[in-house]
Amino acid sequence: MTEQQPTADTHDMTWMLNRLATSRGVAHAVLFTSDGLVLAHSENLHRDVAERTAASSASLFALGRGVGEFAPASDGTTPRKVIIDLPGACVLVFAAGHNTVLAVSVSAEMTDPEVAIASAETIKAIRGLAPALAARERTPTS
């Protein structure tokens with residue numbers, strides 16, 4: 001019997017999000033499926049907020065895929081990152097693994113260095129854990 005590769009839908013990735021949330025400027029992190037199901041969130045974030053963030057961010061990511069054909073992208077239309085620049089805060093939404101997306105809340109504006117640091121830390125975590133950040137396809141139940 002072959003052992004299944006650990007993925008975010010079979011293993012708790014809260015530890016990774018908690019570690020990411022200790023990075024400079026990072027307030028919260030949520031890992032979710034591309035259709036908006038929360039897989040894990042940093043402990044300092046309420047579950048209700050994580051669920052609303054996942055649903056909204058999944059919609060934004062889908063919108064990014066939809067307008068991807070507008071840009072001359074050579075490697076497909078899945079966005080690598082969506083940035084939401086708010087007054088005094090920034091939300092970064094990253095493609096994480098197969099069928100997963102990672103949202104990170106940064107307590108800084110887009111022009112602040114904390115955003116670049118948080119973005120680099122998130123990309124580093126994603127690259128190091130990409131196979132484990134994946135989620136299997138969900139199928140409808142009869």
# chains A, B, ... in the order shown; residues from 1 in each chain; ligands from 1

call {"tool": "residues_around", "arguments": {"residues": "stretch 75-84 of chain A", "least_positions_apart": "2", "cutoff": "8 Å", "atoms": "only C-alpha atoms", "output": "PyMOL selection string"}}
result
chain A and resi 60-61+64-69+73+86+90-95

call {"tool": "write_last_selection", "arguments": {"atoms": "N, CA, C and O atoms", "output": "JSON list (two decimals), in the first residue's frame"}}
result
[["chain", "number", "residue", "atom", "x", "y", "z"],
["A", 60, "LEU", "N", -11.84, 36.67, -5.42],
["A", 60, "LEU", "CA", -10.86, 37.56, -6.05],
["A", 60, "LEU", "C", -9.88, 36.79, -6.91],
["A", 60, "LEU", "O", -9.51, 37.23, -8.00],
["A", 61, "PHE", "N", -9.46, 35.65, -6.42],
["A", 61, "PHE", "CA", -8.51, 34.83, -7.18],
["A", 61, "PHE", "C", -9.17, 34.31, -8.46],
["A", 61, "PHE", "O", -8.55, 34.28, -9.52],
["A", 64, "GLY", "N", -9.19, 37.05, -10.85],
["A", 64, "GLY", "CA", -7.86, 37.17, -11.44],
["A", 64, "GLY", "C", -7.64, 36.19, -12.58],
["A", 64, "GLY", "O", -7.06, 36.52, -13.61],
["A", 65, "ARG", "N", -8.12, 34.95, -12.39],
["A", 65, "ARG", "CA", -8.03, 33.96, -13.47],
["A", 65, "ARG", "C", -8.87, 34.40, -14.67],
["A", 65, "ARG", "O", -8.48, 34.25, -15.81],
["A", 66, "GLY", "N", -10.04, 34.97, -14.39],
["A", 66, "GLY", "CA", -10.94, 35.40, -15.46],
["A", 66, "GLY", "C", -10.37, 36.52, -16.31],
["A", 66, "GLY", "O", -10.57, 36.54, -17.52],
["A", 67, "VAL", "N", -9.68, 37.45, -15.69],
["A", 67, "VAL", "CA", -9.11, 38.56, -16.45],
["A", 67, "VAL", "C", -7.69, 38.26, -16.92],
["A", 67, "VAL", "O", -7.09, 39.07, -17.60],
["A", 68, "GLY", "N", -7.18, 37.10, -16.57],
["A", 68, "GLY", "CA", -5.82, 36.72, -16.95],
["A", 68, "GLY", "C", -5.60, 36.72, -18.45],
["A", 68, "GLY", "O", -4.50, 37.02, -18.93],
["A", 69, "GLU", "N", -6.63, 36.40, -19.21],
["A", 69, "GLU", "CA", -6.47, 36.39, -20.67],
["A", 69, "GLU", "C", -6.28, 37.80, -21.22],
["A", 69, "GLU", "O", -5.82, 37.98, -22.33],
["A", 73, "ALA", "N", 0.02, 36.72, -20.77],
["A", 73, "ALA", "CA", 0.73, 35.80, -19.88],
["A", 73, "ALA", "C", 1.15, 34.56, -20.66],
["A", 73, "ALA", "O", 0.33, 33.94, -21.33],
["A", 86, "LEU", "N", -5.17, 48.66, 1.32],
["A", 86, "LEU", "CA", -6.12, 49.39, 2.14],
["A", 86, "LEU", "C", -5.37, 50.49, 2.90],
["A", 86, "LEU", "O", -4.15, 50.40, 3.07],
["A", 90, "CYS", "N", -2.61, 45.93, 4.18],
["A", 90, "CYS", "CA", -2.53, 45.34, 2.86],
["A", 90, "CYS", "C", -2.86, 43.85, 3.00],
["A", 90, "CYS", "O", -2.45, 43.21, 3.96],
["A", 91, "VAL", "N", -3.62, 43.32, 2.06],
["A", 91, "VAL", "CA", -3.91, 41.89, 2.03],
["A", 91, "VAL", "C", -3.26, 41.33, 0.78],
["A", 91, "VAL", "O", -3.48, 41.83, -0.32],
["A", 92, "LEU", "N", -2.44, 40.31, 0.97],
["A", 92, "LEU", "CA", -1.75, 39.64, -0.13],
["A", 92, "LEU", "C", -2.36, 38.26, -0.28],
["A", 92, "LEU", "O", -2.43, 37.50, 0.69],
["A", 93, "VAL", "N", -2.79, 37.93, -1.48],
["A", 93, "VAL", "CA", -3.43, 36.64, -1.74],
["A", 93, "VAL", "C", -2.56, 35.91, -2.76],
["A", 93, "VAL", "O", -2.38, 36.39, -3.88],
["A", 94, "PHE", "N", -1.99, 34.77, -2.36],
["A", 94, "PHE", "CA", -1.02, 34.03, -3.17],
["A", 94, "PHE", "C", -1.55, 32.69, -3.62],
["A", 94, "PHE", "O", -2.25, 32.01, -2.86],
["A", 95, "ALA", "N", -1.18, 32.27, -4.82],
["A", 95, "ALA", "CA", -1.36, 30.87, -5.20],
["A", 95, "ALA", "C", -0.41, 30.09, -4.30],
["A", 95, "ALA", "O", 0.76, 30.44, -4.17]]

call {"tool": "residues_around", "arguments": {"residues": "A:Ala108", "least_positions_apart": "3", "cutoff": "9 Å", "atoms": "only C-alpha atoms", "output": "list of chain:residue names"}}
result
A:Gly25, A:Val26, A:Asp85, A:Leu86, A:Pro87, A:Gly88, A:Ala89, A:Cys90, A:Ser105, A:Thr111, A:Asp112, A:Pro113, A:Glu114, A:Val115

call {"tool": "select_by_dssp", "arguments": {"residues": "stretch 52-88 of chain A", "states": "strand (DSSP E or B)", "output": "PyMOL selection string"}}
result
chain A and resi 81-86

call {"tool": "residues_around", "arguments": {"residues": "A:Leu31", "least_positions_apart": "4", "cutoff": "10 Å", "atoms": "only C-alpha atoms", "output": "tab-separated table (two decimals) with N, CA and C atoms, in the first residue's frame"}}
result
chain	number	residue	atom	x	y	z
A	8	ALA	N	-2.47	19.77	2.60
A	8	ALA	CA	-3.13	20.68	3.53
A	8	ALA	C	-4.53	20.24	3.91
A	13	MET	N	-2.01	22.54	8.95
A	13	MET	CA	-0.94	23.47	8.57
A	13	MET	C	-0.95	24.73	9.43
A	14	THR	N	-1.68	24.70	10.55
A	14	THR	CA	-1.75	25.86	11.43
A	14	THR	C	-0.38	26.30	11.89
A	16	MET	N	2.41	26.32	10.35
A	16	MET	CA	3.08	27.13	9.33
A	16	MET	C	2.48	28.53	9.29
A	17	LEU	N	1.17	28.63	9.42
A	17	LEU	CA	0.52	29.94	9.39
A	17	LEU	C	0.86	30.74	10.64
A	36	GLY	N	-12.73	28.28	-1.71
A	36	GLY	CA	-13.06	29.03	-0.50
A	36	GLY	C	-13.24	28.27	0.79
A	37	LEU	N	-12.87	26.99	0.86
A	37	LEU	CA	-12.98	26.21	2.09
A	37	LEU	C	-11.71	26.41	2.93
A	38	VAL	N	-11.87	26.88	4.16
A	38	VAL	CA	-10.72	27.11	5.04
A	38	VAL	C	-10.06	25.78	5.39
A	39	LEU	N	-8.74	25.70	5.18
A	39	LEU	CA	-7.97	24.52	5.57
A	39	LEU	C	-7.25	24.77	6.89
A	40	ALA	N	-6.78	26.00	7.08
A	40	ALA	CA	-6.09	26.37	8.33
A	40	ALA	C	-6.02	27.89	8.40
A	41	HIS	N	-5.86	28.40	9.61
A	41	HIS	CA	-5.67	29.84	9.80
A	41	HIS	C	-4.81	30.06	11.02
A	42	SER	N	-4.15	31.21	11.06
A	42	SER	CA	-3.31	31.53	12.21
A	42	SER	C	-4.20	31.62	13.45
A	50	ALA	N	-11.84	34.10	9.30
A	50	ALA	CA	-11.08	33.26	8.36
A	50	ALA	C	-12.00	32.75	7.25
A	53	THR	N	-12.91	35.61	4.92
A	53	THR	CA	-11.71	35.96	4.14
A	53	THR	C	-11.48	34.95	3.04
A	54	ALA	N	-11.61	33.68	3.36
A	54	ALA	CA	-11.41	32.62	2.36
A	54	ALA	C	-12.42	32.75	1.22
A	93	VAL	N	-2.79	37.93	-1.48
A	93	VAL	CA	-3.43	36.64	-1.74
A	93	VAL	C	-2.56	35.91	-2.76
A	94	PHE	N	-1.99	34.77	-2.36
A	94	PHE	CA	-1.02	34.03	-3.17
A	94	PHE	C	-1.55	32.69	-3.62
A	95	ALA	N	-1.18	32.27	-4.82
A	95	ALA	CA	-1.36	30.87	-5.20
A	95	ALA	C	-0.41	30.09	-4.30
A	96	ALA	N	-0.91	29.05	-3.64
A	96	ALA	CA	-0.07	28.33	-2.67
A	96	ALA	C	0.37	26.99	-3.24
A	97	GLY	N	-0.51	26.04	-3.28
A	97	GLY	CA	-0.24	24.72	-3.83
A	97	GLY	C	-1.34	24.37	-4.81
A	100	THR	N	-4.96	25.36	-3.83
A	100	THR	CA	-4.98	26.14	-2.59
A	100	THR	C	-4.48	27.56	-2.81
A	101	VAL	N	-4.94	28.42	-1.91
A	101	VAL	CA	-4.61	29.84	-1.94
A	101	VAL	C	-4.28	30.26	-0.50
A	102	LEU	N	-3.37	31.21	-0.36
A	102	LEU	CA	-2.95	31.69	0.95
A	102	LEU	C	-3.15	33.20	1.00
A	103	ALA	N	-3.92	33.68	1.99
A	103	ALA	CA	-4.11	35.11	2.19
A	103	ALA	C	-3.33	35.53	3.44
A	104	VAL	N	-2.63	36.66	3.31
A	104	VAL	CA	-1.83	37.19	4.41
A	104	VAL	C	-2.21	38.65	4.61
A	133	LEU	N	1.13	22.06	0.73
A	133	LEU	CA	0.08	23.07	0.72
A	133	LEU	C	-1.02	22.75	-0.27

call {"tool": "atom_distance", "arguments": {"atom1": "atom CA of A:Arg47", "atom2": "atom CA of A:Phe32"}}
result
12.2 Å

call {"tool": "select_by_dssp", "arguments": {"residues": "stretch 3-87 of chain A", "states": "alpha helix (DSSP H)", "output": "ChimeraX atom specification"}}
result
/A:14-20,47-67

call {"tool": "write_last_selection", "arguments": {"atoms": "N, CA and C atoms", "output": "PDB file, in the first residue's frame"}}
result
ATOM      1  N   THR A  14      -1.681  24.699  10.550  1.00  0.00           N
ATOM      2  CA  THR A  14      -1.755  25.859  11.432  1.00  0.00           C
ATOM      3  C   THR A  14      -0.378  26.301  11.892  1.00  0.00           C
ATOM      4  N   TRP A  15       0.508  25.358  12.167  1.00  0.00           N
ATOM      5  CA  TRP A  15       1.860  25.687  12.632  1.00  0.00           C
ATOM      6  C   TRP A  15       2.575  26.594  11.638  1.00  0.00           C
ATOM      7  N   MET A  16       2.414  26.324  10.350  1.00  0.00           N
ATOM      8  CA  MET A  16       3.082  27.127   9.335  1.00  0.00           C
ATOM      9  C   MET A  16       2.484  28.531   9.286  1.00  0.00           C
ATOM     10  N   LEU A  17       1.167  28.633   9.420  1.00  0.00           N
ATOM     11  CA  LEU A  17       0.522  29.936   9.393  1.00  0.00           C
ATOM     12  C   LEU A  17       0.860  30.739  10.645  1.00  0.00           C
ATOM     13  N   ASN A  18       0.955  30.069  11.796  1.00  0.00           N
ATOM     14  CA  ASN A  18       1.373  30.760  13.024  1.00  0.00           C
ATOM     15  C   ASN A  18       2.792  31.298  12.876  1.00  0.00           C
ATOM     16  N   ARG A  19       3.652  30.511  12.270  1.00  0.00           N
ATOM     17  CA  ARG A  19       5.036  30.953  12.056  1.00  0.00           C
ATOM     18  C   ARG A  19       5.079  32.149  11.107  1.00  0.00           C
ATOM     19  N   LEU A  20       4.287  32.082  10.044  1.00  0.00           N
ATOM     20  CA  LEU A  20       4.216  33.189   9.094  1.00  0.00           C
ATOM     21  C   LEU A  20       3.674  34.444   9.775  1.00  0.00           C
ATOM     22  N   ARG A  47     -12.266  32.170  13.652  1.00  0.00           N
ATOM     23  CA  ARG A  47     -12.687  31.265  12.578  1.00  0.00           C
ATOM     24  C   ARG A  47     -13.694  31.914  11.616  1.00  0.00           C
ATOM     25  N   ASP A  48     -14.631  32.695  12.144  1.00  0.00           N
ATOM     26  CA  ASP A  48     -15.624  33.365  11.288  1.00  0.00           C
ATOM     27  C   ASP A  48     -14.950  34.320  10.303  1.00  0.00           C
ATOM     28  N   VAL A  49     -13.969  35.052  10.781  1.00  0.00           N
ATOM     29  CA  VAL A  49     -13.244  35.989   9.914  1.00  0.00           C
ATOM     30  C   VAL A  49     -12.439  35.203   8.876  1.00  0.00           C
ATOM     31  N   ALA A  50     -11.844  34.102   9.297  1.00  0.00           N
ATOM     32  CA  ALA A  50     -11.084  33.263   8.362  1.00  0.00           C
ATOM     33  C   ALA A  50     -11.997  32.746   7.246  1.00  0.00           C
ATOM     34  N   GLU A  51     -13.207  32.331   7.601  1.00  0.00           N
ATOM     35  CA  GLU A  51     -14.136  31.807   6.599  1.00  0.00           C
ATOM     36  C   GLU A  51     -14.589  32.888   5.623  1.00  0.00           C
ATOM     37  N   ARG A  52     -14.886  34.076   6.126  1.00  0.00           N
ATOM     38  CA  ARG A  52     -15.273  35.178   5.234  1.00  0.00           C
ATOM     39  C   ARG A  52     -14.107  35.596   4.344  1.00  0.00           C
ATOM     40  N   THR A  53     -12.913  35.606   4.916  1.00  0.00           N
ATOM     41  CA  THR A  53     -11.714  35.963   4.144  1.00  0.00           C
ATOM     42  C   THR A  53     -11.476  34.946   3.038  1.00  0.00           C
ATOM     43  N   ALA A  54     -11.611  33.676   3.358  1.00  0.00           N
ATOM     44  CA  ALA A  54     -11.406  32.621   2.358  1.00  0.00           C
ATOM     45  C   ALA A  54     -12.416  32.745   1.224  1.00  0.00           C
ATOM     46  N   ALA A  55     -13.671  32.959   1.557  1.00  0.00           N
ATOM     47  CA  ALA A  55     -14.708  33.077   0.529  1.00  0.00           C
ATOM     48  C   ALA A  55     -14.444  34.288  -0.368  1.00  0.00           C
ATOM     49  N   SER A  56     -14.152  35.425   0.240  1.00  0.00           N
ATOM     50  CA  SER A  56     -13.896  36.643  -0.532  1.00  0.00           C
ATOM     51  C   SER A  56     -12.626  36.525  -1.365  1.00  0.00           C
ATOM     52  N   SER A  57     -11.577  36.010  -0.766  1.00  0.00           N
ATOM     53  CA  SER A  57     -10.291  35.900  -1.461  1.00  0.00           C
ATOM     54  C   SER A  57     -10.352  34.881  -2.592  1.00  0.00           C
ATOM     55  N   ALA A  58     -11.106  33.798  -2.401  1.00  0.00           N
ATOM     56  CA  ALA A  58     -11.272  32.816  -3.471  1.00  0.00           C
ATOM     57  C   ALA A  58     -11.974  33.469  -4.665  1.00  0.00           C
ATOM     58  N   SER A  59     -12.938  34.327  -4.374  1.00  0.00           N
ATOM     59  CA  SER A  59     -13.631  35.051  -5.447  1.00  0.00           C
ATOM     60  C   SER A  59     -12.683  35.982  -6.178  1.00  0.00           C
ATOM     61  N   LEU A  60     -11.837  36.674  -5.417  1.00  0.00           N
ATOM     62  CA  LEU A  60     -10.859  37.564  -6.046  1.00  0.00           C
ATOM     63  C   LEU A  60      -9.877  36.787  -6.914  1.00  0.00           C
ATOM     64  N   PHE A  61      -9.465  35.645  -6.423  1.00  0.00           N
ATOM     65  CA  PHE A  61      -8.513  34.831  -7.182  1.00  0.00           C
ATOM     66  C   PHE A  61      -9.170  34.310  -8.458  1.00  0.00           C
ATOM     67  N   ALA A  62     -10.430  33.929  -8.371  1.00  0.00           N
ATOM     68  CA  ALA A  62     -11.164  33.488  -9.559  1.00  0.00           C
ATOM     69  C   ALA A  62     -11.305  34.641 -10.550  1.00  0.00           C
ATOM     70  N   LEU A  63     -11.555  35.831 -10.034  1.00  0.00           N
ATOM     71  CA  LEU A  63     -11.627  37.018 -10.885  1.00  0.00           C
ATOM     72  C   LEU A  63     -10.283  37.238 -11.588  1.00  0.00           C
ATOM     73  N   GLY A  64      -9.192  37.050 -10.848  1.00  0.00           N
ATOM     74  CA  GLY A  64      -7.857  37.167 -11.441  1.00  0.00           C
ATOM     75  C   GLY A  64      -7.643  36.185 -12.577  1.00  0.00           C
ATOM     76  N   ARG A  65      -8.124  34.950 -12.390  1.00  0.00           N
ATOM     77  CA  ARG A  65      -8.035  33.960 -13.472  1.00  0.00           C
ATOM     78  C   ARG A  65      -8.866  34.401 -14.670  1.00  0.00           C
ATOM     79  N   GLY A  66     -10.036  34.973 -14.392  1.00  0.00           N
ATOM     80  CA  GLY A  66     -10.937  35.400 -15.455  1.00  0.00           C
ATOM     81  C   GLY A  66     -10.372  36.521 -16.305  1.00  0.00           C
ATOM     82  N   VAL A  67      -9.682  37.454 -15.689  1.00  0.00           N
ATOM     83  CA  VAL A  67      -9.108  38.561 -16.455  1.00  0.00           C
ATOM     84  C   VAL A  67      -7.688  38.264 -16.918  1.00  0.00           C
TER      85      VAL A  67
END

call {"tool": "atom_distance", "arguments": {"atom1": "atom CA of A:His11", "atom2": "atom CA of A:Arg24"}}
result
26.1 Å

call {"tool": "atom_distance", "arguments": {"atom1": "atom CA of A:Ala29", "atom2": "atom CA of A:His46"}}
result
11.1 Å

call {"tool": "closest_residue", "arguments": {"among": "A:Ala21, A:Ala27, A:Ala125, A:Ala120", "to": "A:Ser107", "atoms": "only C-alpha atoms"}}
result
A:Ala27
